[in-house]
file query_15.tsv (TSV, C-alpha atoms)
chain	number	residue	atom	x	y	z
L	1	ALA	CA	24.40	67.85	78.08
L	2	GLN	CA	22.01	70.02	76.15
L	3	LYS	CA	21.33	69.05	72.56
L	4	ILE	CA	19.16	70.09	69.64
L	5	THR	CA	18.22	67.55	66.97
L	6	GLN	CA	16.79	68.34	63.56
L	7	THR	CA	16.28	65.07	61.71
L	8	GLN	CA	15.12	66.44	58.35
L	9	PRO	CA	18.11	67.53	56.25
L	10	GLY	CA	15.81	68.65	53.44
L	11	MET	CA	12.12	69.25	52.84
L	12	PHE	CA	9.98	70.16	49.86
L	13	VAL	CA	6.62	71.89	50.03
L	14	GLN	CA	4.25	73.16	47.40
L	15	GLU	CA	3.61	76.88	47.33
L	16	LYS	CA	0.62	77.92	49.50
L	17	GLU	CA	0.69	74.71	51.52
L	18	ALA	CA	1.73	74.34	55.16
L	19	VAL	CA	4.93	72.61	56.25
L	20	THR	CA	6.26	71.40	59.59
L	21	LEU	CA	9.96	71.40	60.41
L	22	ASP	CA	10.90	69.11	63.28
L	23	CYS	CA	13.04	69.96	66.27
L	24	THR	CA	13.64	67.94	69.42
L	25	TYR	CA	15.76	69.04	72.31
L	26	ASP	CA	17.34	67.59	75.38
L	27	THR	CA	17.86	69.42	78.64
L	28	SER	CA	17.57	68.63	82.31
L	29	ASP	CA	16.84	72.23	83.27
L	30	PRO	CA	13.18	73.23	83.68
L	31	SER	CA	13.90	76.77	82.44
L	32	TYR	CA	14.97	77.26	78.85
L	33	GLY	CA	14.16	79.15	75.71
L	34	LEU	CA	13.71	77.78	72.20
L	35	PHE	CA	14.30	79.77	69.01
L	36	TRP	CA	13.89	79.32	65.28
L	37	TYR	CA	16.01	81.14	62.71
L	38	LYS	CA	15.88	81.34	58.94
L	39	GLN	CA	19.05	81.50	56.85
L	40	PRO	CA	18.54	82.45	53.19
L	41	SER	CA	21.26	81.72	50.66
L	42	SER	CA	22.82	85.12	51.38
L	43	GLY	CA	23.89	83.79	54.77
L	44	GLU	CA	22.35	86.14	57.28
L	45	MET	CA	20.39	84.62	60.17
L	46	ILE	CA	16.88	85.93	60.67
L	47	PHE	CA	15.06	85.39	63.96
L	48	LEU	CA	11.57	83.97	63.44
L	49	ILE	CA	9.97	82.90	66.69
L	50	TYR	CA	10.60	82.20	70.37
L	51	GLN	CA	9.04	79.78	72.89
L	52	GLY	CA	9.74	79.80	76.60
L	53	SER	CA	9.58	76.59	78.61
L	54	TYR	CA	6.95	78.04	80.94
L	55	ASP	CA	4.80	79.57	78.22
L	56	GLN	CA	1.31	78.12	78.38
L	57	GLN	CA	0.46	78.77	74.77
L	58	ASN	CA	2.24	77.97	71.56
L	59	ALA	CA	4.04	80.96	70.07
L	60	THR	CA	2.82	82.48	66.82
L	61	GLU	CA	4.33	85.18	64.60
L	62	GLY	CA	2.40	85.81	61.41
L	63	ARG	CA	2.67	82.70	59.24
L	64	TYR	CA	5.01	81.03	61.73
L	65	SER	CA	3.82	79.02	64.69
L	66	LEU	CA	5.64	76.79	67.08
L	67	ASN	CA	4.11	73.46	68.03
L	68	PHE	CA	5.55	73.09	71.52
L	69	GLN	CA	5.13	69.68	73.17
L	70	LYS	CA	7.05	69.92	76.40
L	71	ALA	CA	6.60	66.31	77.53
L	72	ARG	CA	7.95	65.07	74.23
L	73	LYS	CA	10.66	67.76	74.19
L	74	SER	CA	9.73	68.89	70.74
L	75	ALA	CA	9.42	72.39	69.28
L	76	ASN	CA	8.35	72.04	65.69
L	77	LEU	CA	8.07	75.05	63.42
L	78	VAL	CA	4.94	75.29	61.30
L	79	ILE	CA	4.95	77.59	58.29
L	80	SER	CA	1.51	78.19	56.85
L	81	ALA	CA	0.76	79.25	53.27
L	82	SER	CA	4.34	78.69	52.08
L	83	GLN	CA	5.85	81.25	49.74
L	84	LEU	CA	8.75	80.95	47.32
L	85	GLY	CA	10.70	83.31	49.58
L	86	ASP	CA	10.49	80.77	52.39
L	87	SER	CA	13.09	78.62	50.63
L	88	ALA	CA	16.05	78.68	53.02
L	89	MET	CA	17.82	76.82	55.80
L	90	TYR	CA	15.96	76.75	59.09
L	91	PHE	CA	17.70	76.31	62.42
L	92	CYS	CA	16.28	75.43	65.80
L	93	ALA	CA	18.22	76.71	68.81
L	94	MET	CA	18.05	76.57	72.57
L	95	ARG	CA	19.42	78.92	75.16
L	96	GLU	CA	21.30	77.12	77.88
L	97	ALA	CA	19.88	77.80	81.32
L	98	GLY	CA	21.92	80.07	83.55
L	99	THR	CA	24.19	81.28	80.75
L	100	TYR	CA	23.98	83.18	77.51
L	101	LYS	CA	25.18	80.22	75.48
L	102	TYR	CA	22.95	79.12	72.60
L	103	ILE	CA	22.98	75.66	71.04
L	104	PHE	CA	21.95	75.13	67.41
L	105	GLY	CA	20.68	72.14	65.49
L	106	THR	CA	22.13	71.12	62.13
L	107	GLY	CA	19.29	72.73	60.22
L	108	THR	CA	16.66	71.79	57.65
L	109	ARG	CA	16.85	73.03	54.08
L	110	LEU	CA	13.35	73.91	52.85
L	111	LYS	CA	12.55	74.26	49.18
L	112	VAL	CA	9.19	75.74	48.19
L	113	LEU	CA	7.98	74.58	44.79
L	114	ALA	CA	5.93	76.77	42.44
N	115	ASP	CA	19.73	101.81	62.13
N	116	GLY	CA	21.22	99.55	64.77
N	117	GLY	CA	22.86	96.35	63.78
N	118	ILE	CA	25.96	94.21	63.54
N	119	THR	CA	28.69	94.85	61.01
N	120	GLN	CA	31.14	92.23	59.87
N	121	SER	CA	33.91	93.01	57.48
N	122	PRO	CA	34.98	92.01	55.00
N	123	LYS	CA	32.29	89.85	53.43
N	124	TYR	CA	34.89	87.71	51.63
N	125	LEU	CA	38.44	87.15	52.83
N	126	PHE	CA	41.24	85.20	51.21
N	127	ARG	CA	44.45	84.22	52.95
N	128	LYS	CA	47.44	82.00	52.42
N	129	GLU	CA	47.98	79.07	54.72
N	130	GLY	CA	50.17	79.93	57.69
N	131	GLN	CA	48.94	83.51	58.05
N	132	ASN	CA	46.89	84.80	60.94
N	133	VAL	CA	43.78	86.71	59.97
N	134	THR	CA	41.44	88.89	62.03
N	135	LEU	CA	37.72	89.11	61.38
N	136	SER	CA	35.95	92.25	62.47
N	137	CYS	CA	32.62	92.41	64.33
N	138	GLU	CA	31.05	95.66	65.50
N	139	GLN	CA	27.60	96.25	66.98
N	140	ASN	CA	25.72	99.43	67.87
N	141	LEU	CA	22.82	97.70	69.60
N	142	ASN	CA	24.23	98.30	73.08
N	143	HIS	CA	24.24	94.55	73.63
N	144	ASP	CA	26.38	93.09	76.38
N	145	ALA	CA	26.91	89.59	75.01
N	146	MET	CA	28.68	88.82	71.74
N	147	TYR	CA	29.43	85.55	69.96
N	148	TRP	CA	31.43	83.99	67.17
N	149	TYR	CA	30.14	80.97	65.27
N	150	ARG	CA	31.62	78.88	62.52
N	151	GLN	CA	29.44	77.33	59.83
N	152	ASP	CA	30.66	74.73	57.36
N	153	PRO	CA	28.68	73.84	54.19
N	154	GLY	CA	25.45	72.10	55.05
N	155	GLN	CA	26.19	72.28	58.75
N	156	GLY	CA	24.79	74.05	61.74
N	157	LEU	CA	26.45	76.77	63.77
N	158	ARG	CA	29.27	75.84	66.09
N	159	LEU	CA	30.26	78.21	68.87
N	160	ILE	CA	33.86	79.40	68.87
N	161	TYR	CA	33.91	82.02	71.64
N	162	TYR	CA	31.44	84.20	73.47
N	163	SER	CA	31.67	87.18	75.76
N	164	GLN	CA	29.07	88.38	78.24
N	165	ILE	CA	30.88	91.53	79.35
N	166	VAL	CA	33.86	93.63	78.38
N	167	ASN	CA	37.26	92.10	79.16
N	168	ASP	CA	35.77	88.66	79.70
N	169	PHE	CA	35.13	85.80	77.28
N	170	GLN	CA	34.61	82.05	77.33
N	171	LYS	CA	35.63	79.27	75.00
N	172	GLY	CA	32.94	77.60	73.00
N	173	ASP	CA	32.96	74.13	71.54
N	174	ILE	CA	35.67	74.69	68.91
N	175	ALA	CA	37.99	77.38	70.31
N	176	GLU	CA	41.27	75.70	69.35
N	177	GLY	CA	43.18	77.76	66.80
N	178	TYR	CA	41.13	80.90	67.45
N	179	SER	CA	41.55	83.89	69.73
N	180	VAL	CA	39.34	86.85	70.64
N	181	SER	CA	39.43	90.09	72.58
N	182	ARG	CA	36.70	92.24	74.08
N	183	GLU	CA	38.21	95.60	74.92
N	184	LYS	CA	35.11	97.57	73.99
N	185	LYS	CA	31.44	96.75	74.35
N	186	GLU	CA	30.82	97.33	70.66
N	187	SER	CA	33.67	95.23	69.28
N	188	PHE	CA	34.54	91.53	69.38
N	189	PRO	CA	37.26	90.70	66.82
N	190	LEU	CA	38.14	87.10	66.05
N	191	THR	CA	41.66	86.04	65.05
N	192	VAL	CA	42.03	82.84	63.09
N	193	THR	CA	45.55	81.67	63.80
N	194	SER	CA	47.82	79.45	61.75
N	195	ALA	CA	47.15	76.75	64.35
N	196	GLN	CA	43.60	76.32	63.08
N	197	LYS	CA	43.80	73.19	60.95
N	198	ASN	CA	40.92	73.87	58.59
N	199	PRO	CA	40.01	77.56	58.74
N	200	THR	CA	38.02	77.82	55.49
N	201	ALA	CA	34.44	78.43	56.58
N	202	PHE	CA	31.64	80.96	56.98
N	203	TYR	CA	31.98	82.97	60.20
N	204	LEU	CA	29.02	84.60	61.88
N	205	CYS	CA	29.09	87.15	64.67
N	206	ALA	CA	26.07	87.64	66.92
N	207	SER	CA	25.01	89.63	69.93
N	208	THR	CA	22.22	89.69	72.46
N	209	LYS	CA	21.00	91.70	75.41
N	210	THR	CA	21.60	90.27	78.84
N	211	GLY	CA	19.16	90.33	81.72
N	212	THR	CA	16.43	88.20	83.18
N	213	GLY	CA	14.30	85.85	81.15
N	214	PHE	CA	14.94	83.79	78.05
N	215	THR	CA	13.29	85.99	75.46
N	216	ARG	CA	16.62	87.29	74.25
N	217	GLU	CA	17.07	86.27	70.66
N	218	GLN	CA	20.44	86.72	69.04
N	219	TYR	CA	21.05	89.32	66.36
N	220	PHE	CA	23.46	88.25	63.64
N	221	GLY	CA	25.85	90.01	61.34
N	222	PRO	CA	25.98	89.27	57.60
N	223	GLY	CA	28.95	86.92	58.00
N	224	THR	CA	32.47	86.67	56.62
N	225	ARG	CA	33.40	83.91	54.22
N	226	LEU	CA	37.05	83.01	54.80
N	227	THR	CA	39.01	81.01	52.27
N	228	VAL	CA	42.51	79.81	53.11
N	229	THR	CA	44.63	78.25	50.38
call {"tool": "encode", "arguments": {"input": "query_15.tsv", "output": "structure tokens"}}
result
Amino acid sequence: AQKITQTQPGMFVQEKEAVTLDCTYDTSDPSYGLFWYKQPSSGEMIFLIYQGSYDQQNATEGRYSLNFQKARKSANLVISASQLGDSAMYFCAMREAGTYKYIFGTGTRLKVLA
Amino acid sequence: DGGITQSPKYLFRKEGQNVTLSCEQNLNHDAMYWYRQDPGQGLRLIYYSQIVNDFQKGDIAEGYSVSREKKESFPLTVTSAQKNPTAFYLCASTKTGTGFTREQYFGPGTRLTVT
């Protein structure tokens, strides 16, 4: 069965520094998509970045990049130059192959310190 | 602007009452979803629908029901059979089609409290 694991319940980072949020996944299908979302305290989910299993390069979107290591089944989110507004919950998700069902990890709460 | 509307933002009900949460989207998306989120937890899938008049159970469908009579609307009913209904409920949608680049768009959520 497909599974997403986020092992860091909480993380702290100093403002302007980089931080890596871990995500490992399990699937037997060679075709899949990986997503990261941000959830501020207000509750809405904000899409950050996407990585496809066949993408040759790691995805980047502004200060967000995805460190995709396919053999290790990891898709870590890297946030560069952290800002106070980055404080939020971050969720890793995977789209199940052949369906439109998405599976989410339990999330990592990031706190950026001034 | 296109988006997903969930109403109300906060909902209070007495135990034993059914309650229906609204979800409307004007993104012309085919697939819609309902998730439940408990404090400090991830999102758990309740139901999803890929096309009108069709829907599938997710991981925690017991005590919930849905309908998909229109493409834009996917209401969720929390029945009295749901043992612990107090939670944050998120509705989402996505385009269907080839490829995996289809991120989900989320509504602002409804926080349901049952006492």
call {"tool": "residues_around", "arguments": {"input": "query_15.tsv", "residues": "region 203-205 of chain N", "least_positions_apart": "5", "cutoff": "12 Å", "atoms": "all atoms listed in the file", "output": "PyMOL selection string"}}
result
(chain L and resi 39+43-45) or (chain N and resi 117-125+134-139+145-153+156-163+178+180+186-192+218-227)
call {"tool": "atom_distance", "arguments": {"input": "query_15.tsv", "atom1": "CA of Phe91 (chain L)", "atom2": "CA of Tyr64 (chain L)"}}
result
13.6 Å
call {"tool": "axis_aligned_box", "arguments": {"input": "query_15.tsv", "around": "region 14-25 of chain L", "padding_each_side": "3 Å", "output": "AutoDock Vina command-line options"}}
result
--center_x 8.2 --center_y 72.9 --center_z 59.8 --size_x 21.1 --size_y 16.0 --size_z 31.0
call {"tool": "atom_distance", "arguments": {"input": "query_15.tsv", "atom1": "CA of Ser82 (chain L)", "atom2": "CA of Gln56 (chain L)"}}
result
26.5 Å
call {"tool": "interface_residues", "arguments": {"input": "query_15.tsv", "of": "chain L", "to": "chain N", "cutoff": "7 Å", "atoms": "all atoms listed in the file", "output": "list in words"}}
result
Tyr32, Gly33, Gly43, Glu44, Met45, Tyr50, Gly52, Phe104, Gly105, Thr106 and Gly107 of chain L
call {"tool": "write_last_selection", "arguments": {"input": "query_15.tsv", "atoms": "C-alpha atoms", "output": "mmCIF file, keeping the file's coordinate frame"}}
result
data_model
loop_
_atom_site.group_PDB
_atom_site.id
_atom_site.type_symbol
_atom_site.label_atom_id
_atom_site.label_comp_id
_atom_site.auth_asym_id
_atom_site.auth_seq_id
_atom_site.Cartn_x
_atom_site.Cartn_y
_atom_site.Cartn_z
ATOM 1 C CA TYR L 32 14.970 77.260 78.850
ATOM 2 C CA GLY L 33 14.160 79.150 75.710
ATOM 3 C CA GLY L 43 23.890 83.790 54.770
ATOM 4 C CA GLU L 44 22.350 86.140 57.280
ATOM 5 C CA MET L 45 20.390 84.620 60.170
ATOM 6 C CA TYR L 50 10.600 82.200 70.370
ATOM 7 C CA GLY L 52 9.740 79.800 76.600
ATOM 8 C CA PHE L 104 21.950 75.130 67.410
ATOM 9 C CA GLY L 105 20.680 72.140 65.490
ATOM 10 C CA THR L 106 22.130 71.120 62.130
ATOM 11 C CA GLY L 107 19.290 72.730 60.220
#
call {"tool": "closest_residue", "arguments": {"input": "query_15.tsv", "among": "L:Lys3, L:Lys73, L:Lys16, L:Arg63", "to": "Pro30 (chain L)", "atoms": "all atoms listed in the file"}}
result
L:Lys73
call {"tool": "atom_distance", "arguments": {"input": "query_15.tsv", "atom1": "CA of Thr229 (chain N)", "atom2": "CA of Phe126 (chain N)"}}
result
7.8 Å
call {"tool": "closest_residue", "arguments": {"input": "query_15.tsv", "among": "L:Thr99, L:Arg109, L:Gly62, L:Gln57", "to": "Ser87 (chain L)", "atoms": "all atoms listed in the file"}}
result
L:Arg109
call {"tool": "closest_residue", "arguments": {"input": "query_15.tsv", "among": "N:Lys171, N:Leu141, N:Glu183, N:Glu129", "to": "Asn198 (chain N)", "atoms": "all atoms listed in the file"}}
result
N:Glu129
call {"tool": "residues_around", "arguments": {"input": "query_15.tsv", "residues": "Asp29 (chain L)", "least_positions_apart": "3", "cutoff": "12 Å", "atoms": "only C-alpha atoms", "output": "PyMOL selection string"}}
result
chain L and resi 1-2+25-26+32-33+53-54+73+94-99
call {"tool": "residues_around", "arguments": {"input": "query_15.tsv", "residues": "Tyr37 (chain L)", "least_positions_apart": "4", "cutoff": "9 Å", "atoms": "all atoms listed in the file", "output": "PDB file with C-alpha atoms, in the coordinates of the input"}}
result
ATOM      1  CA  MET L  45      20.390  84.620  60.170  1.00  0.00           C
ATOM      2  CA  ILE L  46      16.880  85.930  60.670  1.00  0.00           C
ATOM      3  CA  PHE L  47      15.060  85.390  63.960  1.00  0.00           C
ATOM      4  CA  LEU L  48      11.570  83.970  63.440  1.00  0.00           C
ATOM      5  CA  ILE L  49       9.970  82.900  66.690  1.00  0.00           C
ATOM      6  CA  MET L  89      17.820  76.820  55.800  1.00  0.00           C
ATOM      7  CA  TYR L  90      15.960  76.750  59.090  1.00  0.00           C
ATOM      8  CA  PHE L  91      17.700  76.310  62.420  1.00  0.00           C
ATOM      9  CA  CYS L  92      16.280  75.430  65.800  1.00  0.00           C
ATOM     10  CA  ALA L  93      18.220  76.710  68.810  1.00  0.00           C
TER      11      ALA L  93
END
call {"tool": "residues_around", "arguments": {"input": "query_15.tsv", "residues": "Gly85 (chain L)", "least_positions_apart": "6", "cutoff": "10 Å", "atoms": "only C-alpha atoms", "output": "list in words"}}
result
Glu15, Pro40, Lys111 and Val112 of chain L
call {"tool": "closest_residue", "arguments": {"input": "query_15.tsv", "among": "L:Asp55, L:Gln8, L:Thr60, L:Phe68", "to": "Ser80 (chain L)", "atoms": "only C-alpha atoms"}}
result
L:Thr60
call {"tool": "build_atoms", "arguments": {"input": "query_15.tsv", "residues": "region 168-179 of chain N", "atoms": "all heavy atoms", "output": "short mmCIF file (atom, residue, chain, number, x, y, z; two decimals), in the coordinates of the input"}}
result
data_model
loop_
_atom_site.label_atom_id
_atom_site.label_comp_id
_atom_site.auth_asym_id
_atom_site.auth_seq_id
_atom_site.Cartn_x
_atom_site.Cartn_y
_atom_site.Cartn_z
N ASP N 168 36.01 90.04 79.28
CA ASP N 168 35.77 88.66 79.70
C ASP N 168 35.20 87.88 78.54
O ASP N 168 34.33 88.38 77.82
CB ASP N 168 34.80 88.63 80.88
CG ASP N 168 34.67 87.21 81.43
OD1 ASP N 168 35.70 86.54 81.63
OD2 ASP N 168 33.53 86.77 81.64
N PHE N 169 35.67 86.65 78.33
CA PHE N 169 35.13 85.80 77.28
C PHE N 169 35.35 84.34 77.65
O PHE N 169 36.22 84.02 78.47
CB PHE N 169 35.74 86.12 75.91
CG PHE N 169 37.24 86.26 75.90
CD1 PHE N 169 38.05 85.13 75.82
CD2 PHE N 169 37.83 87.50 75.97
CE1 PHE N 169 39.43 85.27 75.79
CE2 PHE N 169 39.20 87.64 75.94
CZ PHE N 169 40.01 86.52 75.87
N GLN N 170 34.54 83.48 77.05
CA GLN N 170 34.61 82.05 77.33
C GLN N 170 34.78 81.27 76.04
O GLN N 170 34.26 81.67 75.00
CB GLN N 170 33.32 81.56 78.02
CG GLN N 170 33.11 82.04 79.43
CD GLN N 170 32.62 83.47 79.50
OE1 GLN N 170 31.76 83.85 78.73
NE2 GLN N 170 33.17 84.24 80.41
N LYS N 171 35.48 80.16 76.15
CA LYS N 171 35.63 79.27 75.00
C LYS N 171 34.31 78.58 74.71
O LYS N 171 33.58 78.19 75.62
CB LYS N 171 36.70 78.23 75.28
CG LYS N 171 38.11 78.79 75.34
CD LYS N 171 39.12 77.67 75.57
CE LYS N 171 40.54 78.22 75.62
NZ LYS N 171 41.54 77.15 75.84
N GLY N 172 34.07 78.41 73.42
CA GLY N 172 32.94 77.60 73.00
C GLY N 172 33.39 76.18 72.72
O GLY N 172 34.38 75.70 73.27
N ASP N 173 32.70 75.54 71.80
CA ASP N 173 32.96 74.13 71.54
C ASP N 173 34.18 73.88 70.66
O ASP N 173 34.75 72.80 70.65
CB ASP N 173 31.73 73.50 70.88
CG ASP N 173 30.49 73.64 71.75
OD1 ASP N 173 30.61 73.42 72.98
OD2 ASP N 173 29.42 73.98 71.22
N ILE N 174 34.57 74.91 69.87
CA ILE N 174 35.67 74.69 68.91
C ILE N 174 36.66 75.85 68.96
O ILE N 174 37.03 76.42 67.95
CB ILE N 174 35.12 74.50 67.48
CG1 ILE N 174 34.23 75.68 67.05
CG2 ILE N 174 34.33 73.20 67.36
CD1 ILE N 174 33.96 75.73 65.57
N ALA N 175 37.13 76.20 70.14
CA ALA N 175 37.99 77.38 70.31
C ALA N 175 39.44 77.17 69.85
O ALA N 175 40.16 78.15 69.62
CB ALA N 175 37.98 77.79 71.78
N GLU N 176 39.87 75.95 69.69
CA GLU N 176 41.27 75.70 69.35
C GLU N 176 41.63 76.33 68.01
O GLU N 176 40.96 76.11 67.01
CB GLU N 176 41.55 74.20 69.30
CG GLU N 176 43.02 73.87 69.11
CD GLU N 176 43.29 72.37 69.18
OE1 GLU N 176 42.40 71.61 69.62
OE2 GLU N 176 44.40 71.97 68.79
N GLY N 177 42.73 77.10 68.02
CA GLY N 177 43.18 77.76 66.80
C GLY N 177 42.58 79.13 66.58
O GLY N 177 42.86 79.77 65.57
N TYR N 178 41.76 79.58 67.53
CA TYR N 178 41.13 80.90 67.45
C TYR N 178 41.46 81.71 68.70
O TYR N 178 41.74 81.14 69.75
CB TYR N 178 39.62 80.78 67.35
CG TYR N 178 39.10 80.04 66.15
CD1 TYR N 178 38.76 78.69 66.24
CD2 TYR N 178 38.93 80.68 64.93
CE1 TYR N 178 38.27 78.00 65.14
CE2 TYR N 178 38.44 80.00 63.82
CZ TYR N 178 38.12 78.66 63.94
OH TYR N 178 37.64 77.99 62.84
N SER N 179 41.42 83.04 68.56
CA SER N 179 41.55 83.89 69.73
C SER N 179 40.64 85.10 69.55
O SER N 179 40.29 85.47 68.42
CB SER N 179 43.00 84.34 69.95
OG SER N 179 43.43 85.18 68.90
#
